[in-house]
Amino acid sequence: MSGTISGDNNQQPIIGPGSRIGVLGGGQLGRMMALAGSNLGYHFVTLDPTPECPCGQLTEQIVAGYDDKKAARLLAERSDVITYEFENVDVEVAELLERLSYVPQGSKLLYTTQHRLREKAAVEAAGVKVAPYAEISSEVELREAVSRLGIPSVLKTVTGGYDGKGQWVIKSEAEIGPAYTELSRAGTELVLEQFIPFVKELSVIAARSPRGEVMTFPVAENIHVDNILHISIVPARVEESVLRHAEQLAARIAESMEAVGLLAVEMFLTEGGELYVNELAPRPHNSGHYTMEACTTSQFEQHVRAICNLPLGKTSLLSPVVMVNVLGEHMDAVAKALTEEDLTWANSKVVPKLHLYGKNGSAPKRKMGHINLLCSHVQDGLDWIQQTKIWRNQHS
């Protein structure tokens, strides 16, 4: 394979510059991965059902469904190494690609992280806390579990669901029946989680290479609005001991699961200083977008380095930063600010860096881009968000 350098029999191969990286999924994560990887000399091909998807605008694209085995074979033929940019990939297709090509992340990690019960078991096996939970297969089981775990509690589908979809916060006994009826329509298992009264939502992006090298990025403090990430604040406004502990937990999970590539670890911090893992994502993550300008190495370059078995890049924070998402309802204001005011009018203490994803069609709540606000103090970035008119309908 072009550009591929093989190690000895005890090592995984090193996939060198000039090689072609296949990406299952052609959304914004694939797009930003391709932008970062092309700087290192890699070529890309993506498989995505949407013509001219965000990644496909920059790379060769195979237009086909994710469960299309013929298209998967074609992707394998054209790739030296294959990765994925979202976890809801058909496991059978991932296993097929594993047989036909080199998929360093493997199908096992995918199999684990796309199922909440398996994921929780894997986190617990690493010696890390998750919220107390119960598997639910009937309304009777749900009522028993709610009585045991308490109200409020959170009912979730074990597969699918993102940005708050596929879950119901049960706030009273009267909601038990409707919650079960609504979520059971998905036709999958359900899980009930005890509600953790957290004071902060944190996340850590960990990277691990096949050679076993592990690096973590600085901890992000995340604020959600309507279950969608609104802003990430780095450095997170918590004690230094919490920052160190969060990074250690993320590294421990990545090592325990023998992850390759990036693993995003979302956590709840309680008032007593305890950390509970909420979810994992085996890919670049929205809460890691701040790394693009604010860190020595971006999460996207790091993912490429990890799957290709290159030495991992340093993750030092170069500047305090606030990342703010641009949703469909914000696009007109962003376009106006960009063309008329260059996005800098609100606060001279902030350097805004805009990233738009090139999606075809805008819709409310759809992630269309993000802005990284580089600043001397994170409060300057937060003030900038409040002073602009872009997020005037957003409440955090």
# chains A, B, ... in the order shown; residues from 1 in each chain; ligands from 1

$ residues_around --residues "region 81-95 of chain A" --least-positions-apart "2" --cutoff "6 Å" --atoms "only C-alpha atoms" --output "list in words"
Ile21, Gly22, Val23, Leu24, Gly25, Leu29, Gly30, Asp67, Ser79, Leu97, Glu98, Tyr102, Val103, Ser107 and Arg283 of chain A

$ write_last_selection --atoms "all heavy atoms" --output "compact mmCIF listing (two decimals), in the first residue's frame"
# COMPACT_ATOMS: atom_id res chain seq x y z
N ILE A 21 -6.76 7.53 3.64
CA ILE A 21 -7.58 7.23 4.82
C ILE A 21 -9.04 7.18 4.40
O ILE A 21 -9.57 8.16 3.85
CB ILE A 21 -7.37 8.28 5.93
CG1 ILE A 21 -5.91 8.28 6.39
CG2 ILE A 21 -8.31 8.03 7.11
CD1 ILE A 21 -5.56 9.38 7.37
N GLY A 22 -9.69 6.06 4.64
CA GLY A 22 -11.11 5.93 4.37
C GLY A 22 -11.90 6.33 5.60
O GLY A 22 -11.54 5.96 6.72
N VAL A 23 -12.97 7.09 5.39
CA VAL A 23 -13.78 7.58 6.51
C VAL A 23 -15.23 7.14 6.32
O VAL A 23 -15.87 7.49 5.33
CB VAL A 23 -13.74 9.12 6.62
CG1 VAL A 23 -14.49 9.57 7.87
CG2 VAL A 23 -12.30 9.62 6.65
N LEU A 24 -15.71 6.34 7.26
CA LEU A 24 -17.13 5.99 7.28
C LEU A 24 -17.89 7.17 7.88
O LEU A 24 -17.75 7.47 9.06
CB LEU A 24 -17.35 4.74 8.14
CG LEU A 24 -17.41 3.39 7.43
CD1 LEU A 24 -17.50 2.27 8.45
CD2 LEU A 24 -18.60 3.32 6.49
N GLY A 25 -18.66 7.84 7.07
CA GLY A 25 -19.36 9.04 7.51
C GLY A 25 -18.72 10.26 6.90
O GLY A 25 -17.49 10.40 6.92
N LEU A 29 -17.28 16.14 11.18
CA LEU A 29 -16.10 15.56 11.84
C LEU A 29 -15.15 14.98 10.79
O LEU A 29 -13.93 15.14 10.89
CB LEU A 29 -16.52 14.49 12.84
CG LEU A 29 -17.45 14.96 13.97
CD1 LEU A 29 -17.79 13.81 14.90
CD2 LEU A 29 -16.81 16.11 14.76
N GLY A 30 -15.70 14.31 9.79
CA GLY A 30 -14.87 13.80 8.70
C GLY A 30 -14.22 14.93 7.92
O GLY A 30 -13.06 14.83 7.50
N ASP A 67 -24.94 0.68 5.37
CA ASP A 67 -25.11 -0.77 5.43
C ASP A 67 -24.88 -1.43 4.08
O ASP A 67 -25.12 -2.63 3.92
CB ASP A 67 -26.52 -1.11 5.95
CG ASP A 67 -27.62 -0.53 5.06
OD1 ASP A 67 -27.29 0.29 4.18
OD2 ASP A 67 -28.79 -0.88 5.28
N SER A 79 -8.67 2.31 0.28
CA SER A 79 -8.11 2.86 1.52
C SER A 79 -6.95 2.03 2.04
O SER A 79 -6.95 0.80 1.94
CB SER A 79 -9.21 2.91 2.60
OG SER A 79 -10.34 3.62 2.15
N LEU A 97 -15.23 -4.61 6.94
CA LEU A 97 -14.08 -3.75 6.64
C LEU A 97 -12.83 -4.21 7.39
O LEU A 97 -11.71 -4.13 6.86
CB LEU A 97 -14.41 -2.30 7.00
CG LEU A 97 -15.44 -1.62 6.10
CD1 LEU A 97 -15.84 -0.27 6.67
CD2 LEU A 97 -14.88 -1.45 4.68
N GLU A 98 -13.04 -4.71 8.60
CA GLU A 98 -11.91 -5.20 9.40
C GLU A 98 -11.24 -6.40 8.72
O GLU A 98 -10.02 -6.57 8.80
CB GLU A 98 -12.43 -5.60 10.78
CG GLU A 98 -11.43 -5.43 11.90
CD GLU A 98 -12.06 -5.64 13.26
OE1 GLU A 98 -13.27 -5.95 13.34
OE2 GLU A 98 -11.34 -5.50 14.25
N TYR A 102 -7.52 -2.36 6.89
CA TYR A 102 -6.95 -2.12 8.21
C TYR A 102 -7.82 -1.11 8.94
O TYR A 102 -7.93 0.05 8.52
CB TYR A 102 -5.52 -1.60 8.06
CG TYR A 102 -4.84 -1.26 9.38
CD1 TYR A 102 -4.88 -2.15 10.46
CD2 TYR A 102 -4.15 -0.06 9.54
CE1 TYR A 102 -4.26 -1.83 11.67
CE2 TYR A 102 -3.52 0.26 10.74
CZ TYR A 102 -3.59 -0.63 11.79
OH TYR A 102 -2.98 -0.32 12.98
N VAL A 103 -8.48 -1.56 10.00
CA VAL A 103 -9.35 -0.70 10.81
C VAL A 103 -8.81 -0.73 12.24
O VAL A 103 -9.22 -1.55 13.06
CB VAL A 103 -10.81 -1.18 10.79
CG1 VAL A 103 -11.72 -0.17 11.50
CG2 VAL A 103 -11.29 -1.39 9.36
N SER A 107 -13.85 -3.27 15.40
CA SER A 107 -15.30 -3.29 15.56
C SER A 107 -15.70 -3.49 17.02
O SER A 107 -16.82 -3.18 17.40
CB SER A 107 -15.91 -4.40 14.70
OG SER A 107 -15.34 -5.66 15.02
N ARG A 283 -14.45 8.79 18.84
CA ARG A 283 -14.25 9.64 17.65
C ARG A 283 -13.97 11.07 18.10
O ARG A 283 -14.09 11.38 19.28
CB ARG A 283 -15.52 9.61 16.79
CG ARG A 283 -16.77 9.98 17.61
CD ARG A 283 -17.96 10.26 16.77
NE ARG A 283 -19.18 10.42 17.56
CZ ARG A 283 -19.51 11.50 18.25
NH1 ARG A 283 -18.70 12.55 18.27
NH2 ARG A 283 -20.65 11.56 18.92

$ residues_around --residues "His285 (chain A)" --least-positions-apart "3" --cutoff "10 Å" --atoms "only C-alpha atoms" --output "JSON, numbers by chain"
{"A": [29, 85, 86, 203, 204, 205, 262, 263, 264, 265, 280, 281, 282, 288, 289, 299, 300]}

$ residues_around --residues "Ala207 (chain A)" --least-positions-apart "4" --cutoff "10 Å" --atoms "only C-alpha atoms" --output "PyMOL selection string"
chain A and resi 212-217+250-251+254-255+259-264+282-284+299+302-303+305-307+312-313

$ select_by_dssp --residues "region 133-381 of chain A" --states "alpha helix (DSSP H)" --output "count of residues only"
60

$ atom_distance --atom1 "CA of Phe198 (chain A)" --atom2 "CA of Pro152 (chain A)"
12.9 Å

$ select_by_dssp --residues "region 112-358 of chain A" --states "strand (DSSP E)" --output "VMD selection string"
chain A and resid 133 to 136 153 to 157 167 to 170 190 to 194 198 to 208 214 to 216 220 to 225 228 to 234 261 to 270 275 to 281 321 to 327 350 to 356

$ atom_distance --atom1 "CA of Gly187 (chain A)" --atom2 "CA of Thr157 (chain A)"
8.9 Å

$ closest_residue --among "A:Asp332, A:Asp226, A:Glu124, A:Glu189" --to "Thr159 (chain A)" --atoms "only C-alpha atoms"
A:Glu189

$ residues_around --residues "His230 (chain A)" --least-positions-apart "2" --cutoff "8 Å" --atoms "only C-alpha atoms" --output "list in words"
Asn222, Ile223, His224, Val225, Ile228, Ser232, Val324, Asn325 and Ser396 of chain A

$ residues_around --residues "Gln57 (chain A)" --least-positions-apart "5" --cutoff "12 Å" --atoms "only C-alpha atoms" --output "PyMOL selection string"
chain A and resi 26-28+30-32+34-35+44-46+48+50-52+62+357-360

$ residues_around --residues "Ala121 (chain A)" --least-positions-apart "2" --cutoff "12 Å" --atoms "only C-alpha atoms" --output "ChimeraX atom specification"
/A:112-113,115-119,123-135,253,256-257,277,279-280

$ closest_residue --among "A:Ser147, A:Thr59, A:Ser316, A:Asn286" --to "Lys367 (chain A)" --atoms "only C-alpha atoms"
A:Asn286

$ residues_around --residues "region 236-240 of chain A" --least-positions-apart "2" --cutoff "8 Å" --atoms "only C-alpha atoms" --output "list of chain:residue names"
A:Leu202, A:Val219, A:Ala220, A:Glu221, A:Ile233, A:Val234, A:Val242, A:Leu243, A:Arg244

$ atom_distance --atom1 "CA of Ser137 (chain A)" --atom2 "CA of Val158 (chain A)"
11.1 Å

$ closest_residue --among "A:Val304, A:Leu338, A:Ser241, A:Met331" --to "Ala363 (chain A)" --atoms "only C-alpha atoms"
A:Met331

$ closest_residue --among "A:Gln11, A:Ser172, A:Gly160, A:Leu155" --to "Leu190 (chain A)" --atoms "only C-alpha atoms"
A:Leu155

$ decode --residues "region 186-200 of chain A" --atoms "all heavy atoms" --output "compact mmCIF listing (two decimals), in the first residue's frame"
# COMPACT_ATOMS: atom_id res chain seq x y z
N ALA A 186 -38.98 2.62 20.08
CA ALA A 186 -37.73 2.46 19.33
C ALA A 186 -37.41 0.99 19.07
O ALA A 186 -36.58 0.67 18.22
CB ALA A 186 -36.58 3.11 20.08
N GLY A 187 -38.07 0.09 19.83
CA GLY A 187 -37.86 -1.35 19.61
C GLY A 187 -36.53 -1.84 20.10
O GLY A 187 -36.06 -2.90 19.67
N THR A 188 -35.91 -1.12 21.01
CA THR A 188 -34.62 -1.54 21.56
C THR A 188 -34.73 -1.64 23.07
O THR A 188 -35.72 -1.24 23.67
CB THR A 188 -33.51 -0.54 21.17
OG1 THR A 188 -32.26 -1.00 21.68
CG2 THR A 188 -33.79 0.84 21.74
N GLU A 189 -33.69 -2.17 23.69
CA GLU A 189 -33.66 -2.23 25.15
C GLU A 189 -33.61 -0.80 25.71
O GLU A 189 -33.22 0.14 25.03
CB GLU A 189 -32.42 -2.99 25.63
CG GLU A 189 -32.33 -4.42 25.13
CD GLU A 189 -30.90 -4.93 25.25
OE1 GLU A 189 -30.09 -4.68 24.35
OE2 GLU A 189 -30.61 -5.57 26.27
N LEU A 190 -34.00 -0.68 26.96
CA LEU A 190 -33.95 0.61 27.65
C LEU A 190 -33.08 0.49 28.89
O LEU A 190 -32.88 -0.61 29.42
CB LEU A 190 -35.36 1.06 28.04
CG LEU A 190 -36.39 1.17 26.91
CD1 LEU A 190 -37.76 1.52 27.49
CD2 LEU A 190 -35.97 2.20 25.87
N VAL A 191 -32.59 1.61 29.35
CA VAL A 191 -31.82 1.64 30.59
C VAL A 191 -32.28 2.84 31.40
O VAL A 191 -32.53 3.92 30.86
CB VAL A 191 -30.29 1.72 30.31
CG1 VAL A 191 -29.93 2.96 29.50
CG2 VAL A 191 -29.51 1.69 31.62
N LEU A 192 -32.45 2.64 32.70
CA LEU A 192 -32.80 3.73 33.61
C LEU A 192 -31.56 4.10 34.41
O LEU A 192 -30.91 3.23 34.99
CB LEU A 192 -33.92 3.31 34.56
CG LEU A 192 -34.41 4.45 35.48
CD1 LEU A 192 -35.26 5.44 34.70
CD2 LEU A 192 -35.21 3.88 36.66
N GLU A 193 -31.26 5.39 34.45
CA GLU A 193 -30.11 5.87 35.19
C GLU A 193 -30.57 6.77 36.34
O GLU A 193 -31.48 7.58 36.17
CB GLU A 193 -29.18 6.68 34.28
CG GLU A 193 -28.62 5.91 33.11
CD GLU A 193 -27.81 6.80 32.18
OE1 GLU A 193 -27.66 8.00 32.50
OE2 GLU A 193 -27.37 6.31 31.13
N GLN A 194 -29.92 6.62 37.47
CA GLN A 194 -30.19 7.54 38.58
C GLN A 194 -29.72 8.92 38.17
O GLN A 194 -28.66 9.09 37.56
CB GLN A 194 -29.43 7.07 39.82
CG GLN A 194 -29.73 7.87 41.07
CD GLN A 194 -28.96 7.31 42.27
OE1 GLN A 194 -27.82 7.65 42.49
NE2 GLN A 194 -29.63 6.45 43.02
N PHE A 195 -30.53 9.92 38.48
CA PHE A 195 -30.14 11.30 38.15
C PHE A 195 -29.03 11.75 39.09
O PHE A 195 -29.16 11.65 40.31
CB PHE A 195 -31.34 12.23 38.26
CG PHE A 195 -31.03 13.65 37.85
CD1 PHE A 195 -31.06 14.02 36.52
CD2 PHE A 195 -30.70 14.61 38.81
CE1 PHE A 195 -30.77 15.33 36.14
CE2 PHE A 195 -30.41 15.91 38.44
CZ PHE A 195 -30.44 16.27 37.10
N ILE A 196 -27.93 12.22 38.52
CA ILE A 196 -26.81 12.71 39.31
C ILE A 196 -26.93 14.23 39.43
O ILE A 196 -26.91 14.94 38.42
CB ILE A 196 -25.46 12.35 38.64
CG1 ILE A 196 -25.31 10.84 38.50
CG2 ILE A 196 -24.30 12.94 39.43
CD1 ILE A 196 -25.26 10.09 39.80
N PRO A 197 -27.07 14.75 40.65
CA PRO A 197 -27.17 16.21 40.83
C PRO A 197 -25.80 16.86 40.65
O PRO A 197 -25.07 17.10 41.61
CB PRO A 197 -27.69 16.35 42.26
CG PRO A 197 -27.22 15.11 42.95
CD PRO A 197 -27.20 14.02 41.93
N PHE A 198 -25.44 17.13 39.40
CA PHE A 198 -24.11 17.62 39.10
C PHE A 198 -24.04 19.14 39.17
O PHE A 198 -25.05 19.85 39.03
CB PHE A 198 -23.67 17.15 37.71
CG PHE A 198 -24.58 17.59 36.59
CD1 PHE A 198 -24.39 18.81 35.95
CD2 PHE A 198 -25.63 16.78 36.17
CE1 PHE A 198 -25.22 19.22 34.92
CE2 PHE A 198 -26.46 17.18 35.13
CZ PHE A 198 -26.26 18.40 34.51
N VAL A 199 -22.82 19.63 39.38
CA VAL A 199 -22.60 21.08 39.37
C VAL A 199 -21.90 21.52 38.09
O VAL A 199 -21.96 22.68 37.70
CB VAL A 199 -21.77 21.53 40.60
CG1 VAL A 199 -22.56 21.33 41.87
CG2 VAL A 199 -20.42 20.79 40.68
N LYS A 200 -21.22 20.58 37.42
CA LYS A 200 -20.57 20.87 36.15
C LYS A 200 -20.65 19.63 35.26
O LYS A 200 -20.61 18.49 35.75
CB LYS A 200 -19.08 21.21 36.32
CG LYS A 200 -18.76 22.43 37.18
CD LYS A 200 -18.91 23.73 36.42
CE LYS A 200 -18.40 24.90 37.26
NZ LYS A 200 -18.62 26.20 36.61
